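Listing of entry26.csv, CSV, N, CA and C atoms
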```
chain,number,residue,atom,x,y,z
A,35,ASN,N,-11.0,-19.1,-7.5
A,35,ASN,CA,-11.8,-18.0,-7.8
A,35,ASN,C,-11.1,-16.7,-8.0
A,36,GLY,N,-9.8,-16.7,-8.0
A,36,GLY,CA,-9.0,-15.5,-8.3
A,36,GLY,C,-8.8,-14.6,-7.1
A,37,THR,N,-9.2,-15.0,-5.9
A,37,THR,CA,-9.0,-14.1,-4.8
A,37,THR,C,-7.8,-14.6,-4.0
A,38,TYR,N,-7.2,-13.7,-3.2
A,38,TYR,CA,-6.1,-14.0,-2.4
A,38,TYR,C,-6.5,-14.0,-0.9
A,39,ASN,N,-6.2,-15.1,-0.3
A,39,ASN,CA,-6.6,-15.3,1.1
A,39,ASN,C,-5.4,-15.0,2.0
A,40,LEU,N,-5.5,-14.1,2.9
A,40,LEU,CA,-4.4,-13.7,3.8
A,40,LEU,C,-4.7,-14.3,5.2
A,41,LEU,N,-3.8,-15.1,5.7
A,41,LEU,CA,-4.1,-15.7,7.0
A,41,LEU,C,-4.0,-14.6,8.1
A,42,GLU,N,-4.8,-14.7,9.1
A,42,GLU,CA,-4.8,-13.7,10.2
A,42,GLU,C,-3.4,-13.5,10.8
A,43,GLY,N,-2.7,-14.6,11.1
A,43,GLY,CA,-1.4,-14.6,11.7
A,43,GLY,C,-0.4,-13.8,10.8
A,44,SER,N,-0.5,-13.9,9.5
A,44,SER,CA,0.3,-13.2,8.6
A,44,SER,C,0.1,-11.7,8.6
A,45,LEU,N,-1.2,-11.3,8.8
A,45,LEU,CA,-1.5,-9.9,8.8
A,45,LEU,C,-0.9,-9.2,10.0
A,46,TYR,N,-0.9,-9.8,11.2
A,46,TYR,CA,-0.3,-9.2,12.3
A,46,TYR,C,1.2,-9.1,12.2
A,47,ASN,N,1.8,-10.0,11.6
A,47,ASN,CA,3.3,-10.0,11.4
A,47,ASN,C,3.6,-8.8,10.4
A,48,ILE,N,2.8,-8.6,9.4
A,48,ILE,CA,3.0,-7.5,8.4
A,48,ILE,C,2.8,-6.2,9.1
A,49,LEU,N,1.7,-6.1,9.9
A,49,LEU,CA,1.5,-4.8,10.7
A,49,LEU,C,2.6,-4.5,11.6
A,50,PHE,N,3.2,-5.5,12.3
A,50,PHE,CA,4.3,-5.3,13.2
A,50,PHE,C,5.5,-4.8,12.5
A,51,LYS,N,5.8,-5.4,11.3
A,51,LYS,CA,7.0,-5.0,10.5
A,51,LYS,C,6.8,-3.5,10.0
A,52,MET,N,5.6,-3.2,9.6
A,52,MET,CA,5.3,-1.9,9.0
A,52,MET,C,5.4,-0.8,10.2
A,53,THR,N,5.0,-1.2,11.4
A,53,THR,CA,5.2,-0.3,12.5
A,53,THR,C,6.6,-0.1,12.8
A,54,GLU,N,7.4,-1.2,12.8
A,54,GLU,CA,8.9,-1.1,13.1
A,54,GLU,C,9.6,-0.1,12.1
A,55,LYS,N,9.1,-0.2,10.8
A,55,LYS,CA,9.7,0.7,9.8
A,55,LYS,C,9.2,2.1,9.7
A,56,GLY,N,8.2,2.4,10.6
A,56,GLY,CA,7.7,3.7,10.7
A,56,GLY,C,6.6,4.0,9.6
A,57,TYR,N,6.1,3.0,8.9
A,57,TYR,CA,5.1,3.3,7.9
A,57,TYR,C,3.7,3.5,8.5
A,58,ILE,N,3.5,2.9,9.6
A,58,ILE,CA,2.2,3.0,10.3
A,58,ILE,C,2.5,3.2,11.8
A,59,SER,N,1.6,3.7,12.5
A,59,SER,CA,1.6,3.8,14.0
A,59,SER,C,0.4,3.1,14.5
A,60,ASN,N,0.4,2.8,15.8
A,60,ASN,CA,-0.8,2.2,16.4
A,60,ASN,C,-1.0,2.8,17.8
A,61,ARG,N,-2.2,2.6,18.2
A,61,ARG,CA,-2.6,3.0,19.6
A,61,ARG,C,-3.5,2.0,20.1
A,62,LEU,N,-3.5,1.8,21.4
A,62,LEU,CA,-4.4,0.8,22.1
A,62,LEU,C,-5.5,1.6,22.7
A,63,GLU,N,-6.7,1.1,22.7
A,63,GLU,CA,-7.8,1.7,23.3
A,63,GLU,C,-8.7,0.6,24.0
A,64,ARG,N,-9.0,1.0,25.2
A,64,ARG,CA,-9.8,0.0,26.0
A,64,ARG,C,-11.2,-0.1,25.4
A,65,VAL,N,-11.7,-1.3,25.3
A,65,VAL,CA,-13.1,-1.6,24.8
A,65,VAL,C,-13.7,-2.4,25.9
A,66,GLY,N,-14.6,-1.9,26.6
A,66,GLY,CA,-15.3,-2.6,27.7
A,66,GLY,C,-14.3,-2.7,28.9
A,67,VAL,N,-14.6,-3.7,29.7
A,67,VAL,CA,-13.8,-3.9,30.9
A,67,VAL,C,-12.5,-4.6,30.7
A,68,LYS,N,-12.5,-5.6,29.9
A,68,LYS,CA,-11.3,-6.5,29.9
A,68,LYS,C,-10.6,-6.4,28.5
A,69,ARG,N,-11.2,-5.8,27.5
A,69,ARG,CA,-10.6,-5.9,26.2
A,69,ARG,C,-9.9,-4.6,25.8
A,70,THR,N,-8.9,-4.7,25.0
A,70,THR,CA,-8.3,-3.6,24.3
A,70,THR,C,-8.3,-3.8,22.8
A,71,ARG,N,-8.3,-2.8,22.1
A,71,ARG,CA,-8.3,-2.8,20.6
A,71,ARG,C,-7.2,-2.0,20.1
A,72,ARG,N,-6.5,-2.5,19.1
A,72,ARG,CA,-5.4,-1.7,18.5
A,72,ARG,C,-5.8,-1.1,17.2
A,73,TYR,N,-5.6,0.2,17.1
A,73,TYR,CA,-5.9,1.0,15.9
A,73,TYR,C,-4.7,1.4,15.2
A,74,TYR,N,-4.7,1.3,13.9
A,74,TYR,CA,-3.5,1.6,13.1
A,74,TYR,C,-3.7,2.9,12.3
A,75,HIS,N,-2.6,3.6,12.0
A,75,HIS,CA,-2.7,4.9,11.3
A,75,HIS,C,-1.5,4.9,10.3
A,76,LEU,N,-1.8,5.3,9.0
A,76,LEU,CA,-0.8,5.4,8.0
A,76,LEU,C,0.0,6.7,8.2
A,77,GLU,N,1.3,6.6,8.4
A,77,GLU,CA,2.1,7.8,8.6
A,77,GLU,C,2.6,8.3,7.2
A,78,GLU,N,3.1,9.5,7.2
A,78,GLU,CA,3.6,10.1,5.9
A,78,GLU,C,4.6,9.2,5.2
A,79,LYS,N,5.5,8.6,6.0
A,79,LYS,CA,6.5,7.7,5.4
A,79,LYS,C,5.9,6.5,4.8
A,80,GLY,N,4.8,6.0,5.4
A,80,GLY,CA,4.1,4.9,4.8
A,80,GLY,C,3.3,5.3,3.5
A,81,ARG,N,2.8,6.5,3.5
A,81,ARG,CA,2.1,7.0,2.3
A,81,ARG,C,3.1,7.2,1.2
A,82,LEU,N,4.3,7.7,1.4
A,82,LEU,CA,5.3,7.8,0.4
A,82,LEU,C,5.7,6.4,-0.1
A,83,TYR,N,5.9,5.4,0.8
A,83,TYR,CA,6.2,4.1,0.4
A,83,TYR,C,5.1,3.4,-0.4
A,84,TYR,N,3.9,3.7,0.0
A,84,TYR,CA,2.7,3.1,-0.8
A,84,TYR,C,2.7,3.7,-2.2
A,85,ASN,N,3.0,5.0,-2.4
A,85,ASN,CA,3.0,5.6,-3.7
A,85,ASN,C,4.2,5.1,-4.5
A,86,GLN,N,5.3,4.8,-3.8
A,86,GLN,CA,6.4,4.2,-4.5
A,86,GLN,C,6.1,2.8,-5.1
A,87,LEU,N,5.4,2.0,-4.3
A,87,LEU,CA,4.9,0.7,-4.7
A,87,LEU,C,3.9,0.8,-5.9
A,88,LEU,N,3.0,1.8,-5.8
A,88,LEU,CA,2.1,2.0,-6.9
A,88,LEU,C,2.8,2.3,-8.2
A,89,ASN,N,3.8,3.2,-8.1
A,89,ASN,CA,4.6,3.6,-9.3
A,89,ASN,C,5.3,2.4,-9.9
A,90,GLU,N,5.9,1.5,-9.0
A,90,GLU,CA,6.6,0.3,-9.5
A,90,GLU,C,5.6,-0.6,-10.2
A,91,TYR,N,4.4,-0.8,-9.7
A,91,TYR,CA,3.4,-1.6,-10.3
A,91,TYR,C,3.0,-1.0,-11.6
A,92,ASP,N,2.8,0.3,-11.7
A,92,ASP,CA,2.3,0.9,-13.0
A,92,ASP,C,3.4,0.8,-14.0
A,93,ARG,N,4.7,0.9,-13.6
A,93,ARG,CA,5.8,0.8,-14.6
A,93,ARG,C,5.9,-0.6,-15.1
A,94,VAL,N,5.7,-1.6,-14.3
A,94,VAL,CA,5.6,-3.0,-14.8
A,94,VAL,C,4.5,-3.2,-15.8
A,95,CYS,N,3.3,-2.7,-15.4
A,95,CYS,CA,2.1,-2.7,-16.3
A,95,CYS,C,2.4,-2.0,-17.6
A,96,GLU,N,3.0,-0.8,-17.5
A,96,GLU,CA,3.4,-0.1,-18.7
A,96,GLU,C,4.3,-0.9,-19.6
A,97,SER,N,5.3,-1.5,-19.1
A,97,SER,CA,6.3,-2.3,-19.8
A,97,SER,C,5.6,-3.5,-20.5
A,98,VAL,N,4.8,-4.2,-19.7
A,98,VAL,CA,4.0,-5.3,-20.3
A,98,VAL,C,3.1,-4.9,-21.4
A,99,SER,N,2.4,-3.8,-21.2
A,99,SER,CA,1.5,-3.3,-22.3
A,99,SER,C,2.3,-2.9,-23.5
A,100,ARG,N,3.5,-2.4,-23.4
A,100,ARG,CA,4.3,-2.1,-24.6
A,100,ARG,C,4.7,-3.3,-25.3
A,101,ILE,N,5.1,-4.3,-24.5
A,101,ILE,CA,5.5,-5.6,-25.1
A,101,ILE,C,4.3,-6.2,-25.9
A,102,LEU,N,3.1,-6.1,-25.3
A,102,LEU,CA,1.9,-6.6,-26.0
A,102,LEU,C,1.4,-5.7,-27.0
A,103,ASP,N,2.1,-4.6,-27.3
A,103,ASP,CA,1.7,-3.6,-28.3
A,103,ASP,C,0.3,-3.0,-28.0
A,104,ARG,N,0.2,-2.6,-26.8
A,104,ARG,CA,-1.1,-2.0,-26.3
A,104,ARG,C,-0.7,-0.6,-25.8
A,105,GLU,N,-0.3,0.3,-26.8
A,105,GLU,CA,0.2,1.6,-26.5
A,105,GLU,C,-0.7,2.4,-25.6
A,106,GLY,N,-2.0,2.4,-25.9
A,106,GLY,CA,-3.0,3.2,-25.1
A,106,GLY,C,-2.9,2.8,-23.7
A,107,ASP,N,-2.9,1.5,-23.3
A,107,ASP,CA,-2.8,1.1,-21.9
A,107,ASP,C,-1.4,1.6,-21.3
A,108,ALA,N,-0.4,1.4,-22.1
A,108,ALA,CA,1.0,1.8,-21.6
A,108,ALA,C,1.0,3.3,-21.3
A,109,ASP,N,0.4,4.1,-22.2
A,109,ASP,CA,0.4,5.5,-22.0
A,109,ASP,C,-0.4,5.9,-20.7
A,110,ARG,N,-1.5,5.1,-20.5
A,110,ARG,CA,-2.3,5.4,-19.3
A,110,ARG,C,-1.5,5.1,-18.0
A,111,TYR,N,-0.8,4.0,-18.0
A,111,TYR,CA,0.0,3.7,-16.8
A,111,TYR,C,1.1,4.7,-16.6
A,112,ALA,N,1.8,5.2,-17.7
A,112,ALA,CA,2.8,6.2,-17.6
A,112,ALA,C,2.3,7.5,-17.1
A,113,LEU,N,1.1,7.8,-17.5
A,113,LEU,CA,0.4,9.1,-17.0
A,113,LEU,C,0.1,9.0,-15.6
A,114,ARG,N,-0.4,7.8,-15.1
A,114,ARG,CA,-0.7,7.7,-13.7
A,114,ARG,C,0.6,7.9,-12.8
A,115,VAL,N,1.7,7.4,-13.3
A,115,VAL,CA,3.0,7.6,-12.5
A,115,VAL,C,3.3,9.0,-12.5
A,116,ARG,N,3.3,9.7,-13.6
A,116,ARG,CA,3.6,11.2,-13.6
A,116,ARG,C,2.6,12.0,-12.7
A,117,GLU,N,1.3,11.7,-12.8
A,117,GLU,CA,0.4,12.4,-12.0
A,117,GLU,C,0.6,12.2,-10.5
A,118,ARG,N,0.9,10.9,-10.1
A,118,ARG,CA,1.2,10.6,-8.7
A,118,ARG,C,2.4,11.3,-8.2
A,119,ASN,N,3.5,11.4,-9.1
A,119,ASN,CA,4.7,12.0,-8.7
A,119,ASN,C,4.5,13.5,-8.5
A,120,GLN,N,3.6,14.1,-9.3
A,120,GLN,CA,3.3,15.6,-9.2
A,120,GLN,C,2.6,15.9,-7.9
A,121,LYS,N,1.8,15.0,-7.4
A,121,LYS,CA,1.0,15.2,-6.2
A,121,LYS,C,2.0,15.1,-5.0
A,122,ILE,N,3.0,14.2,-5.1
A,122,ILE,CA,3.9,14.0,-4.0
A,122,ILE,C,4.9,15.2,-3.8
A,123,SER,N,5.3,15.8,-5.0
A,123,SER,CA,6.3,16.9,-4.9
A,123,SER,C,5.7,18.2,-4.7
```
Do you think you could lay out the structure here as structure tokens?
Amino acid sequence: NGTYNLLEGSLYNILFKMTEKGYISNRLERVGVKRTRRYYHLEEKGRLYYNQLLNEYDRVCESVSRILDREGDADRYALRVRERNQKIS
């Protein structure tokens, strides 16, 4: 059906690695008497990395659009990269 299913065990491994790299932080909070819940927060380093990934994705889409001779789409992807970079700087 075109959807991607992420296994629960994979998600925690990804969150752990992102925490180690400083992209996200987490805090534990007690819920009830015996349970604790972990909350995650996107750090500035993570926000910059996320924007970098978006730029890479848009550049790939731009290149594919040019190969397929879809200049309007390619220009739209290029514009998104430029606008995103202006917001960061």
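Closest approach to Lys121 in chain A among A:Lys68, A:His75, A:Arg61, A:Arg81 is made by A:Arg81 (distances from only C-alpha atoms).
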**Q.** Which of chain A fall in strand (DSSP E), as a count of residues only
**A.** 16
Q: State, in Å with one decimal place, the distance from atom N of Ser44 in chain A to CA of Asp92 in chain A.
A: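 So the two atoms, atom N of Ser44 in chain A and CA of Asp92 in chain A, lie 27.1 Å apart.
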Q) In chain A, what's helix (DSSP H, G or I) per DSSP? Answer as a ChimeraX atom specification? A) /A:42-54,78-101,105-122
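Excluding Val115 in chain A and any residue on its chain fewer than 5 positions from it, the residues at most 6.5 Å away by all atoms listed in the file are A:Asn89, A:Arg110, A:Gln120.
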Q: Could you check how far CA of Arg69 in chain A sits from atom C of Phe50 in chain A, in Å to one decimal?
A: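 These two atoms are separated by 21.2 Å.
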